[in-house]
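Enquirer: Have a peek at work.cif (mmCIF, C-alpha atoms and all ligand atoms).
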data_target
loop_
_atom_site.label_atom_id
_atom_site.label_comp_id
_atom_site.auth_asym_id
_atom_site.auth_seq_id
_atom_site.Cartn_x
_atom_site.Cartn_y
_atom_site.Cartn_z
CA MET Z 1 0.00 0.00 0.00
CA ARG Z 2 1.37 3.34 -1.04
CA VAL Z 3 0.68 6.67 0.70
CA LEU Z 4 1.84 10.01 -0.67
CA ALA Z 5 1.85 13.06 1.61
CA ILE Z 6 2.31 16.46 -0.02
CA GLY Z 7 3.54 19.62 1.71
CA GLU Z 8 6.39 21.42 3.41
CA CYS Z 9 8.90 20.13 5.91
CA MET Z 10 10.83 22.84 7.74
CA ALA Z 11 13.70 23.01 10.17
CA GLU Z 12 12.08 23.12 13.62
CA LEU Z 13 13.42 24.87 16.71
CA ALA Z 14 11.66 23.29 19.70
CA PRO Z 15 12.23 24.49 23.30
CA SER Z 16 14.52 22.10 25.17
CA GLU Z 17 14.62 21.36 28.89
CA ARG Z 18 16.85 24.42 29.60
CA VAL Z 19 15.07 27.76 29.24
CA GLY Z 20 16.34 29.69 26.21
CA GLU Z 21 17.82 26.61 24.51
CA PHE Z 22 16.22 25.06 21.44
CA LYS Z 23 16.60 21.70 19.74
CA LEU Z 24 16.92 21.60 15.96
CA GLY Z 25 14.73 19.05 14.23
CA PHE Z 26 12.59 18.71 11.11
CA ALA Z 27 8.80 19.06 11.00
CA GLY Z 28 5.78 20.30 9.09
CA ASP Z 29 2.17 19.23 9.40
CA THR Z 30 1.89 16.74 6.49
CA PHE Z 31 5.47 15.59 7.06
CA ASN Z 32 4.67 14.85 10.72
CA THR Z 33 1.75 12.67 9.68
CA ALA Z 34 3.95 10.85 7.12
CA TRP Z 35 6.60 10.33 9.81
CA TYR Z 36 4.09 8.86 12.30
CA LEU Z 37 2.63 6.65 9.57
CA ALA Z 38 6.11 5.29 8.79
CA GLN Z 39 6.63 4.65 12.54
CA ILE Z 40 3.38 2.79 13.17
CA ALA Z 41 2.70 0.94 9.90
CA ALA Z 42 5.56 -1.16 8.51
CA ASP Z 43 3.22 -2.45 5.79
CA ILE Z 44 2.72 1.02 4.28
CA ASP Z 45 5.11 2.49 1.72
CA VAL Z 46 5.28 6.15 2.82
CA ASN Z 47 6.32 8.82 0.28
CA TYR Z 48 6.67 12.57 0.69
CA LEU Z 49 6.36 15.12 -2.09
CA THR Z 50 7.99 18.47 -1.48
CA ALA Z 51 10.76 20.70 -2.79
CA VAL Z 52 14.00 21.46 -0.94
CA GLY Z 53 17.10 23.50 -1.73
CA ASP Z 54 20.58 22.32 -2.62
CA ASP Z 55 22.29 23.38 0.62
CA ALA Z 56 23.53 21.28 3.55
CA ILE Z 57 20.35 21.46 5.65
CA SER Z 58 18.23 20.39 2.66
CA GLN Z 59 20.51 17.37 2.26
CA ASP Z 60 20.24 16.65 5.99
CA LEU Z 61 16.46 16.67 5.64
CA ARG Z 62 16.59 14.11 2.82
CA ALA Z 63 18.89 11.90 4.87
CA PHE Z 64 16.50 12.21 7.82
CA MET Z 65 13.59 11.18 5.60
CA LYS Z 66 15.41 8.09 4.38
CA ASP Z 67 16.43 7.15 7.94
CA SER Z 68 12.77 7.50 8.92
CA ARG Z 69 11.55 5.10 6.18
CA ILE Z 70 10.01 7.93 4.14
CA SER Z 71 10.83 7.76 0.44
CA ASP Z 72 12.38 10.92 -1.03
CA THR Z 73 11.78 9.85 -4.64
CA HIS Z 74 9.38 12.76 -5.11
CA VAL Z 75 11.50 15.43 -3.47
CA GLN Z 76 12.46 18.08 -6.01
CA VAL Z 77 15.69 20.06 -5.60
CA ILE Z 78 15.56 23.79 -6.38
CA ALA Z 79 19.02 25.27 -6.92
CA GLY Z 80 19.86 28.28 -4.76
CA LYS Z 81 16.95 27.76 -2.34
CA THR Z 82 16.67 26.30 1.15
CA ILE Z 83 13.99 24.90 3.45
CA GLY Z 84 11.73 27.00 5.73
CA LEU Z 85 12.29 27.40 9.48
CA TYR Z 86 9.85 27.68 12.36
CA LEU Z 87 10.09 28.08 16.11
CA ILE Z 88 7.72 26.70 18.74
CA HIS Z 89 6.67 28.99 21.61
CA LEU Z 90 5.10 27.26 24.61
CA SER Z 91 2.71 28.75 27.12
CA ASN Z 92 1.37 26.22 29.66
CA GLY Z 93 1.87 23.42 27.14
CA GLU Z 94 -0.12 25.18 24.39
CA ARG Z 95 1.93 25.95 21.28
CA SER Z 96 2.16 28.88 18.89
CA PHE Z 97 4.55 29.23 15.97
CA SER Z 98 6.84 31.84 14.39
CA TYR Z 99 7.79 31.14 10.76
CA TRP Z 100 10.62 32.04 8.40
CA ARG Z 101 9.31 30.34 5.28
CA SER Z 102 8.16 33.01 2.82
CA ASP Z 103 10.78 32.05 0.21
CA SER Z 104 11.22 28.37 0.99
CA ALA Z 105 11.84 25.83 -1.78
CA ALA Z 106 8.60 24.02 -0.86
CA ARG Z 107 6.59 26.89 -2.33
CA GLN Z 108 7.57 25.47 -5.71
CA LEU Z 109 6.45 21.91 -5.06
CA ALA Z 110 3.69 22.05 -7.69
CA VAL Z 111 5.53 24.02 -10.37
CA ASP Z 112 6.61 20.86 -12.22
CA GLU Z 113 3.25 19.48 -13.38
CA ILE Z 114 4.80 16.37 -14.92
CA ALA Z 115 6.67 15.41 -11.75
CA LEU Z 116 3.47 15.97 -9.78
CA GLY Z 117 1.47 13.77 -12.15
CA ARG Z 118 4.09 11.01 -11.84
CA ALA Z 119 4.07 11.18 -8.04
CA VAL Z 120 0.30 10.97 -7.56
CA LYS Z 121 -0.11 8.10 -10.02
CA GLY Z 122 -0.87 4.78 -8.36
CA ALA Z 123 -1.01 6.08 -4.78
CA ASP Z 124 -3.62 4.32 -2.63
CA LEU Z 125 -3.98 7.41 -0.49
CA ILE Z 126 -2.85 11.02 -0.91
CA TYR Z 127 -2.73 13.33 2.08
CA PHE Z 128 -2.45 17.13 1.95
CA SER Z 129 -3.53 20.10 4.07
CA GLY Z 130 -4.60 23.71 4.25
CA ILE Z 131 -0.93 24.53 4.87
CA THR Z 132 0.08 22.73 1.65
CA LEU Z 133 -2.34 25.03 -0.22
CA ALA Z 134 -1.41 28.17 1.75
CA ILE Z 135 2.26 28.08 0.73
CA LEU Z 136 1.47 27.82 -3.02
CA ASP Z 137 0.71 30.68 -5.39
CA PRO Z 138 -2.82 30.56 -6.88
CA GLN Z 139 -1.63 28.95 -10.14
CA SER Z 140 0.32 26.16 -8.37
CA ARG Z 141 -2.68 25.63 -6.07
CA GLU Z 142 -4.86 25.01 -9.11
CA ILE Z 143 -2.27 22.64 -10.64
CA LEU Z 144 -2.20 20.65 -7.40
CA LEU Z 145 -6.00 20.48 -7.10
CA ILE Z 146 -6.30 19.31 -10.72
CA ALA Z 147 -3.67 16.57 -10.14
CA LEU Z 148 -5.59 15.43 -7.04
CA ARG Z 149 -8.90 15.36 -8.92
CA ARG Z 150 -7.31 13.16 -11.60
CA ALA Z 151 -5.79 10.82 -9.03
CA ARG Z 152 -9.13 10.55 -7.26
CA ALA Z 153 -10.92 9.79 -10.53
CA SER Z 154 -8.56 6.85 -11.02
CA GLY Z 155 -9.32 5.38 -7.59
CA THR Z 156 -6.95 7.12 -5.13
CA THR Z 157 -8.42 8.10 -1.76
CA VAL Z 158 -7.75 11.78 -1.01
CA ALA Z 159 -7.42 12.91 2.62
CA PHE Z 160 -7.29 16.57 3.69
CA ASP Z 161 -6.55 18.27 7.01
CA THR Z 162 -7.88 21.82 6.80
CA ASN Z 163 -5.11 23.08 9.18
CA LEU Z 164 -6.12 26.74 9.20
CA ARG Z 165 -3.11 29.08 9.40
CA PRO Z 166 -4.43 32.59 8.62
CA GLN Z 167 -0.95 34.11 8.78
CA LEU Z 168 -0.01 32.12 5.63
CA TRP Z 169 -2.92 33.46 3.54
CA SER Z 170 -3.53 36.88 1.92
CA THR Z 171 -6.98 37.17 3.54
CA PRO Z 172 -9.19 34.99 5.79
CA GLN Z 173 -11.71 34.83 2.92
CA GLU Z 174 -9.09 33.39 0.54
CA MET Z 175 -8.30 30.77 3.21
CA THR Z 176 -11.89 29.73 3.92
CA ASP Z 177 -12.91 29.69 0.22
CA THR Z 178 -9.89 27.60 -0.80
CA VAL Z 179 -10.27 25.21 2.12
CA MET Z 180 -13.95 24.55 1.26
CA LYS Z 181 -13.05 24.00 -2.39
CA ALA Z 182 -10.31 21.50 -1.48
CA ALA Z 183 -12.57 19.73 1.04
CA ALA Z 184 -15.28 19.30 -1.59
CA GLN Z 185 -12.87 17.28 -3.72
CA SER Z 186 -11.58 15.10 -0.86
CA ASP Z 187 -12.81 11.74 0.43
CA ILE Z 188 -11.76 12.36 4.03
CA VAL Z 189 -11.57 15.70 5.84
CA LEU Z 190 -9.94 16.02 9.28
CA PRO Z 191 -10.67 19.51 10.72
CA SER Z 192 -9.99 20.75 14.28
CA TYR Z 193 -13.08 22.31 15.82
CA ASP Z 194 -11.35 25.10 17.79
CA ASP Z 195 -9.79 26.59 14.61
CA GLU Z 196 -12.91 26.01 12.51
CA ALA Z 197 -15.04 27.82 15.12
CA VAL Z 198 -12.88 30.93 14.80
CA TRP Z 199 -12.73 31.08 10.99
CA PHE Z 200 -16.07 29.53 9.96
CA GLY Z 201 -18.14 30.55 13.00
CA ASP Z 202 -19.24 26.96 13.80
CA GLY Z 203 -21.18 26.84 17.11
CA ASP Z 204 -20.06 23.31 17.99
CA SER Z 205 -18.24 20.32 16.48
CA ILE Z 206 -21.51 19.01 14.97
CA ALA Z 207 -21.82 22.29 13.04
CA THR Z 208 -18.34 21.64 11.62
CA LEU Z 209 -19.40 18.10 10.68
CA ASP Z 210 -22.60 19.43 9.06
CA ARG Z 211 -20.72 22.02 6.99
CA TYR Z 212 -18.35 19.46 5.44
CA ALA Z 213 -21.16 16.92 4.99
CA LYS Z 214 -23.10 19.60 3.10
CA ALA Z 215 -20.04 20.15 0.90
CA GLY Z 216 -20.33 16.47 -0.11
CA VAL Z 217 -17.47 14.95 1.91
CA ASP Z 218 -17.96 11.22 2.55
CA GLN Z 219 -15.74 10.79 5.65
CA ILE Z 220 -15.35 13.58 8.21
CA VAL Z 221 -13.48 13.38 11.52
CA VAL Z 222 -13.71 16.48 13.74
CA LYS Z 223 -10.94 16.77 16.35
CA ASN Z 224 -11.93 18.76 19.42
CA SER Z 225 -9.02 18.84 21.92
CA ALA Z 226 -10.07 16.73 24.94
CA GLN Z 227 -13.76 16.62 23.89
CA PRO Z 228 -15.18 13.61 22.01
CA VAL Z 229 -14.21 13.22 18.35
CA VAL Z 230 -17.33 13.32 16.17
CA PHE Z 231 -17.29 11.58 12.82
CA GLN Z 232 -19.38 10.66 9.82
CA LYS Z 233 -18.86 8.02 7.15
CA ALA Z 234 -21.28 7.31 4.33
CA GLY Z 235 -23.97 9.31 6.14
CA GLN Z 236 -23.58 7.38 9.44
CA ARG Z 237 -22.49 9.44 12.45
CA GLY Z 238 -20.70 8.49 15.65
CA GLU Z 239 -18.46 9.80 18.38
CA VAL Z 240 -15.41 8.53 20.24
CA GLY Z 241 -14.58 9.78 23.75
CA VAL Z 242 -11.05 11.01 24.43
CA ASP Z 243 -9.16 9.93 27.57
CA PRO Z 244 -7.83 13.08 29.24
CA ALA Z 245 -4.10 13.31 28.41
CA ARG Z 246 -1.92 13.50 31.50
CA GLY Z 247 1.30 15.53 31.74
CA ILE Z 248 0.88 17.68 28.63
CA VAL Z 249 4.10 19.59 27.87
CA ASP Z 250 3.69 20.51 24.18
CA THR Z 251 0.59 20.09 22.00
CA THR Z 252 2.55 20.51 18.74
CA ALA Z 253 1.68 17.75 16.26
CA ALA Z 254 -1.20 16.38 18.35
CA GLY Z 255 -3.46 16.74 15.31
CA ASP Z 256 -0.85 15.46 12.86
CA SER Z 257 -0.14 12.30 14.86
CA PHE Z 258 -3.87 11.74 15.42
CA ASN Z 259 -4.34 11.87 11.64
CA ALA Z 260 -1.69 9.15 11.17
CA GLY Z 261 -3.70 6.82 13.43
CA VAL Z 262 -6.86 7.50 11.44
CA LEU Z 263 -5.18 7.16 8.04
CA VAL Z 264 -3.53 3.84 8.84
CA SER Z 265 -7.00 2.43 9.47
CA VAL Z 266 -8.35 4.04 6.31
CA VAL Z 267 -5.59 2.47 4.21
CA ARG Z 268 -6.15 -0.93 5.85
CA GLN Z 269 -9.92 -0.50 5.43
CA ASP Z 270 -10.63 -0.86 9.17
CA ASP Z 271 -13.62 1.01 10.54
CA LEU Z 272 -13.23 4.72 11.26
CA ALA Z 273 -13.83 4.46 15.04
CA THR Z 274 -10.86 2.04 15.31
CA GLY Z 275 -8.66 4.57 13.51
CA ILE Z 276 -9.88 7.40 15.73
CA ARG Z 277 -9.02 5.42 18.88
CA LYS Z 278 -5.54 4.73 17.47
CA GLY Z 279 -5.14 8.42 16.67
CA CYS Z 280 -6.18 9.43 20.20
CA ARG Z 281 -3.64 7.08 21.79
CA LEU Z 282 -0.89 8.34 19.55
CA ALA Z 283 -1.70 12.04 20.13
CA GLY Z 284 -1.94 11.40 23.89
CA HIS Z 285 1.65 10.11 23.75
CA VAL Z 286 2.97 12.93 21.54
CA VAL Z 287 1.73 15.79 23.77
CA ARG Z 288 3.72 14.45 26.70
CA HIS Z 289 6.97 15.33 24.87
CA LYS Z 290 8.46 18.47 23.38
CA GLY Z 291 8.69 18.93 19.61
CA SER Z 292 6.71 17.44 16.73
CA LEU Z 293 8.32 14.05 16.20
CA VAL Z 294 8.25 11.77 19.23
CA PRO Z 295 9.42 8.17 18.84
CA VAL Z 296 6.48 5.80 19.21
CA ASN Z 297 6.97 2.93 21.62
CA LEU Z 298 3.40 2.08 22.55
CA ASP Z 299 0.87 -0.50 21.48
CA LEU Z 300 -1.75 1.43 19.52
CA GLY Z 301 -3.99 -1.60 19.24
CA LYS Z 302 -4.19 -2.08 23.00
CA ASP Z 303 -7.53 -0.41 23.56
CA GLU Z 304 -9.12 -1.37 20.26
CA SER Z 305 -11.57 -3.79 21.82
CA GLY Z 306 -12.91 -1.02 24.11
O1 LIG D 1 2.30 25.34 11.06
C1 LIG D 1 2.95 24.68 10.27
O2 LIG D 1 3.12 24.96 9.07
C2 LIG D 1 3.58 23.44 10.70
O3 LIG D 1 3.65 22.53 9.93
C3 LIG D 1 4.09 23.39 12.09
C4 LIG D 1 3.74 22.19 12.92
O4 LIG D 1 4.68 21.16 12.84
C5 LIG D 1 2.41 21.61 12.69
O5 LIG D 1 1.54 22.54 12.15
C6 LIG D 1 1.85 21.09 13.97
O6 LIG D 1 0.53 20.71 13.78
P1 LIG D 1 -0.57 20.48 14.88
O7 LIG D 1 -0.86 19.02 14.87
O8 LIG D 1 -1.71 21.30 14.43
O9 LIG D 1 0.02 20.94 16.19
#
Take the structure in the file and write it out as structure tokens.
Expert:
Amino acid sequence: MRVLAIGECMAELAPSERVGEFKLGFAGDTFNTAWYLAQIAADIDVNYLTAVGDDAISQDLRAFMKDSRISDTHVQVIAGKTIGLYLIHLSNGERSFSYWRSDSAARQLAVDEIALGRAVKGADLIYFSGITLAILDPQSREILLIALRRARASGTTVAFDTNLRPQLWSTPQEMTDTVMKAAAQSDIVLPSYDDEAVWFGDGDSIATLDRYAKAGVDQIVVKNSAQPVVFQKAGQRGEVGVDPARGIVDTTAAGDSFNAGVLVSVVRQDDLATGIRKGCRLAGHVVRHKGSLVPVNLDLGKDESG
């Protein structure tokens, strides 16, 4: 089974144990999900499509991908460019980000239409996000959406995390319009209620579910921090309770790791509630550590009978 994630991986500066010191790593929303997928599902061939520069840190990123069992076959190299950088700020375990990414190589990931067409061909599942779209210019955005429509028409499942980052868009309206357009051409949408409430005015997580259902999305999973996850598949609704996470130190990548748990079940054609429970266990582990990528050493199947 082949999964292709599309987006930007940046250098990450995450606070370390000593105040004022930061640890250098690599992260980015879609990349994080690909990384967790590669960690938890040895049977899945995980690929990442992005663009990097030709400098030392870009090469380090490629080496890191290969060491992490993520294929770099679809990584394009743009001469003279480099990768983006972001820094995590923590306040009582809740994260916010500062970015230096406005001229990163990844902004050109959809410029080569032929390479894009080659990469999406034959994937069982393609995963992208609102951040993937936000970093592209309008023409590249359209090229990407067309490539995804074609892949979907030939049987690929398309999964989309809306990941709303208003600071990466020209206007909130451009963000919400583009996100709804991308959602309408996806099979699975994985929004986070707290962000959706701010930018779409949803009164509760069911309102978020309703809005994407109305847009024609078949599978919707609404994350809602420690509140139950509500979901819909083929018109059937359900909810999965979330065990309160203990010892939260950094919520970065909670949503991304959760998505990996859901997507592994989607690829294996398990039921959605099983995937959601896996995602919750994984996210509960990730938030107890600093930074985006936390080695996984737990049995995700443990509570599947519950
Ligand atoms: O903002 C971006 O562009 C990033 O990719 C930075 C982060 O690594 C992820 O966004 C974390 O994602 P959450 O799971 O929502 O915490």
Enquirer: Excluding range 219-236 of chain Z and residues on its chain fewer than 6 positions from it, collect all residues at most 8 Å away from it, counting only C-alpha atoms, and give them as a ChimeraX atom specification.
Expert: /Z:187-194,205-206,208-209,212-213,242-245,255,272,276
Enquirer: Would you mind exporting C-alpha atoms of the selected residues as a PDB file, in the coordinates of the input?
Expert:
ATOM      1  CA  ASP Z 187     -12.810  11.740   0.430  1.00  0.00           C
ATOM      2  CA  ILE Z 188     -11.760  12.360   4.030  1.00  0.00           C
ATOM      3  CA  VAL Z 189     -11.570  15.700   5.840  1.00  0.00           C
ATOM      4  CA  LEU Z 190      -9.940  16.020   9.280  1.00  0.00           C
ATOM      5  CA  PRO Z 191     -10.670  19.510  10.720  1.00  0.00           C
ATOM      6  CA  SER Z 192      -9.990  20.750  14.280  1.00  0.00           C
ATOM      7  CA  TYR Z 193     -13.080  22.310  15.820  1.00  0.00           C
ATOM      8  CA  ASP Z 194     -11.350  25.100  17.790  1.00  0.00           C
ATOM      9  CA  SER Z 205     -18.240  20.320  16.480  1.00  0.00           C
ATOM     10  CA  ILE Z 206     -21.510  19.010  14.970  1.00  0.00           C
ATOM     11  CA  THR Z 208     -18.340  21.640  11.620  1.00  0.00           C
ATOM     12  CA  LEU Z 209     -19.400  18.100  10.680  1.00  0.00           C
ATOM     13  CA  TYR Z 212     -18.350  19.460   5.440  1.00  0.00           C
ATOM     14  CA  ALA Z 213     -21.160  16.920   4.990  1.00  0.00           C
ATOM     15  CA  VAL Z 242     -11.050  11.010  24.430  1.00  0.00           C
ATOM     16  CA  ASP Z 243      -9.160   9.930  27.570  1.00  0.00           C
ATOM     17  CA  PRO Z 244      -7.830  13.080  29.240  1.00  0.00           C
ATOM     18  CA  ALA Z 245      -4.100  13.310  28.410  1.00  0.00           C
ATOM     19  CA  GLY Z 255      -3.460  16.740  15.310  1.00  0.00           C
ATOM     20  CA  LEU Z 272     -13.230   4.720  11.260  1.00  0.00           C
ATOM     21  CA  ILE Z 276      -9.880   7.400  15.730  1.00  0.00           C
TER      22      ILE Z 276
END
Enquirer: What does the list of residues within 6 Å of ligand LIG 1 (chain D) look like if you count all atoms listed in the file, written as a list of chain:residue names?
Expert: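 Selection of residues at most 6 Å from ligand LIG 1 (chain D): Z:Ala27, Z:Gly28, Z:Asp29, Z:Ile131, Z:Thr251, Z:Thr252, Z:Ala253, Z:Ala254, Z:Gly255, Z:Asp256, Z:Ser292.
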Enquirer: Any idea what the distance is between CA of Ser102 in chain Z and CA of Ser170 in chain Z?
Expert: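 These atoms are spaced 12.3 Å apart.
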Enquirer: Residues at most 8 Å from range 106-114 of chain Z, counting only C-alpha atoms, excluding those fewer than 5 positions away in the same chain, as a PyMOL selection string?
Expert: chain Z and resi 7-9+49-52+76+83-84+135-137+140-141+143-144
Enquirer: What is the distance, in Å and to one decimal place, between CA of Glu94 in chain Z and CA of Thr176 in chain Z?
Expert: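 Spanning CA of Glu94 in chain Z to CA of Thr176 in chain Z is a straight-line distance of 24.0 Å.
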Enquirer: For the atom pair CA of Arg277 in chain Z and CA of Asn32 in chain Z, what is the interatomic distance in Å to one decimal place?
Expert: 18.5 Å
Enquirer: If you count all atoms listed in the file, which residues fall within 9 Å of Leu282 in chain Z, apart from same-chain ones fewer than 4 positions away, as an MDAnalysis selection string?
Expert: chainID Z and resid 36 254 257:258 260:261 277:278 286:287 296 298 300
Enquirer: Kindly save the residues from that selection, with C-alpha atoms included, as a PDB file, keeping the file's coordinate frame.
Expert:
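Written output follows (part-v2.pdb):
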ATOM      1  CA  TYR Z  36       4.090   8.860  12.300  1.00  0.00           C
ATOM      2  CA  ALA Z 254      -1.200  16.380  18.350  1.00  0.00           C
ATOM      3  CA  SER Z 257      -0.140  12.300  14.860  1.00  0.00           C
ATOM      4  CA  PHE Z 258      -3.870  11.740  15.420  1.00  0.00           C
ATOM      5  CA  ALA Z 260      -1.690   9.150  11.170  1.00  0.00           C
ATOM      6  CA  GLY Z 261      -3.700   6.820  13.430  1.00  0.00           C
ATOM      7  CA  ARG Z 277      -9.020   5.420  18.880  1.00  0.00           C
ATOM      8  CA  LYS Z 278      -5.540   4.730  17.470  1.00  0.00           C
ATOM      9  CA  VAL Z 286       2.970  12.930  21.540  1.00  0.00           C
ATOM     10  CA  VAL Z 287       1.730  15.790  23.770  1.00  0.00           C
ATOM     11  CA  VAL Z 296       6.480   5.800  19.210  1.00  0.00           C
ATOM     12  CA  LEU Z 298       3.400   2.080  22.550  1.00  0.00           C
ATOM     13  CA  LEU Z 300      -1.750   1.430  19.520  1.00  0.00           C
TER      14      LEU Z 300
END
Enquirer: Nearest to Glu12 in chain Z: which of Z:Ala182, Z:Ala63, Z:Ala34, Z:Ile88 is it, counting only C-alpha atoms?
Expert: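 When distances to Glu12 in chain Z are compared using only C-alpha atoms, the smallest one comes from Z:Ile88.
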Enquirer: Nearest to Ser68 in chain Z: which of Z:Gln185, Z:Gln39, Z:Thr82, Z:Ser91 is it, counting all atoms listed in the file?
Expert: Z:Gln39
Enquirer: With distances taken over all atoms listed in the file, which of Z:Ile248, Z:Ala14, Z:Leu24, Z:Met65 is nearest to Ala283 in chain Z?
Expert: Z:Ile248
Enquirer: Excluding Gly130 in chain Z and any residue of its chain fewer than 2 positions from it, enumerate the residues within 7 Å of it, using only C-alpha atoms, and give them as a VMD selection string.
Expert: chain Z and resid 132 to 134 161 to 164 179
Enquirer: Rebuild range 53-60 of chain Z so that it carries all heavy atoms, then output the result as a compact mmCIF listing (two decimals), in the coordinates of the input.
Expert:
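Wrote it out as out33.txt, contents follow:
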# COMPACT_ATOMS: atom_id res chain seq x y z
N GLY Z 53 16.02 22.81 -1.04
CA GLY Z 53 17.10 23.50 -1.73
C GLY Z 53 18.25 22.56 -2.01
O GLY Z 53 18.12 21.33 -1.91
N ASP Z 54 19.40 23.15 -2.35
CA ASP Z 54 20.58 22.32 -2.62
C ASP Z 54 21.68 22.59 -1.60
O ASP Z 54 22.85 22.34 -1.85
CB ASP Z 54 21.09 22.56 -4.06
CG ASP Z 54 21.37 24.03 -4.33
OD1 ASP Z 54 21.11 24.88 -3.44
OD2 ASP Z 54 21.85 24.33 -5.44
N ASP Z 55 21.29 23.10 -0.42
CA ASP Z 55 22.29 23.38 0.62
C ASP Z 55 22.37 22.22 1.62
O ASP Z 55 21.66 21.22 1.50
CB ASP Z 55 21.95 24.70 1.32
CG ASP Z 55 20.57 24.68 1.97
OD1 ASP Z 55 19.77 23.78 1.64
OD2 ASP Z 55 20.30 25.56 2.81
N ALA Z 56 23.25 22.39 2.61
CA ALA Z 56 23.53 21.28 3.55
C ALA Z 56 22.29 20.87 4.35
O ALA Z 56 22.02 19.68 4.52
CB ALA Z 56 24.66 21.68 4.49
N ILE Z 57 21.49 21.86 4.81
CA ILE Z 57 20.35 21.46 5.65
C ILE Z 57 19.27 20.75 4.81
O ILE Z 57 18.60 19.84 5.30
CB ILE Z 57 19.77 22.64 6.47
CG1 ILE Z 57 18.84 22.09 7.57
CG2 ILE Z 57 19.06 23.67 5.60
CD1 ILE Z 57 18.73 22.91 8.79
N SER Z 58 19.17 21.10 3.54
CA SER Z 58 18.23 20.39 2.66
C SER Z 58 18.68 18.93 2.49
O SER Z 58 17.86 18.01 2.50
CB SER Z 58 18.17 21.06 1.28
OG SER Z 58 17.69 22.38 1.39
N GLN Z 59 20.00 18.75 2.38
CA GLN Z 59 20.51 17.37 2.26
C GLN Z 59 20.31 16.60 3.57
O GLN Z 59 19.97 15.42 3.55
CB GLN Z 59 21.99 17.40 1.89
CG GLN Z 59 22.19 17.74 0.42
CD GLN Z 59 23.62 18.15 0.10
OE1 GLN Z 59 24.55 17.80 0.81
NE2 GLN Z 59 23.78 18.92 -0.96
N ASP Z 60 20.48 17.30 4.69
CA ASP Z 60 20.24 16.65 5.99
C ASP Z 60 18.78 16.20 6.10
O ASP Z 60 18.49 15.13 6.62
CB ASP Z 60 20.53 17.60 7.16
CG ASP Z 60 22.01 17.86 7.34
OD1 ASP Z 60 22.82 17.17 6.69
OD2 ASP Z 60 22.35 18.77 8.11
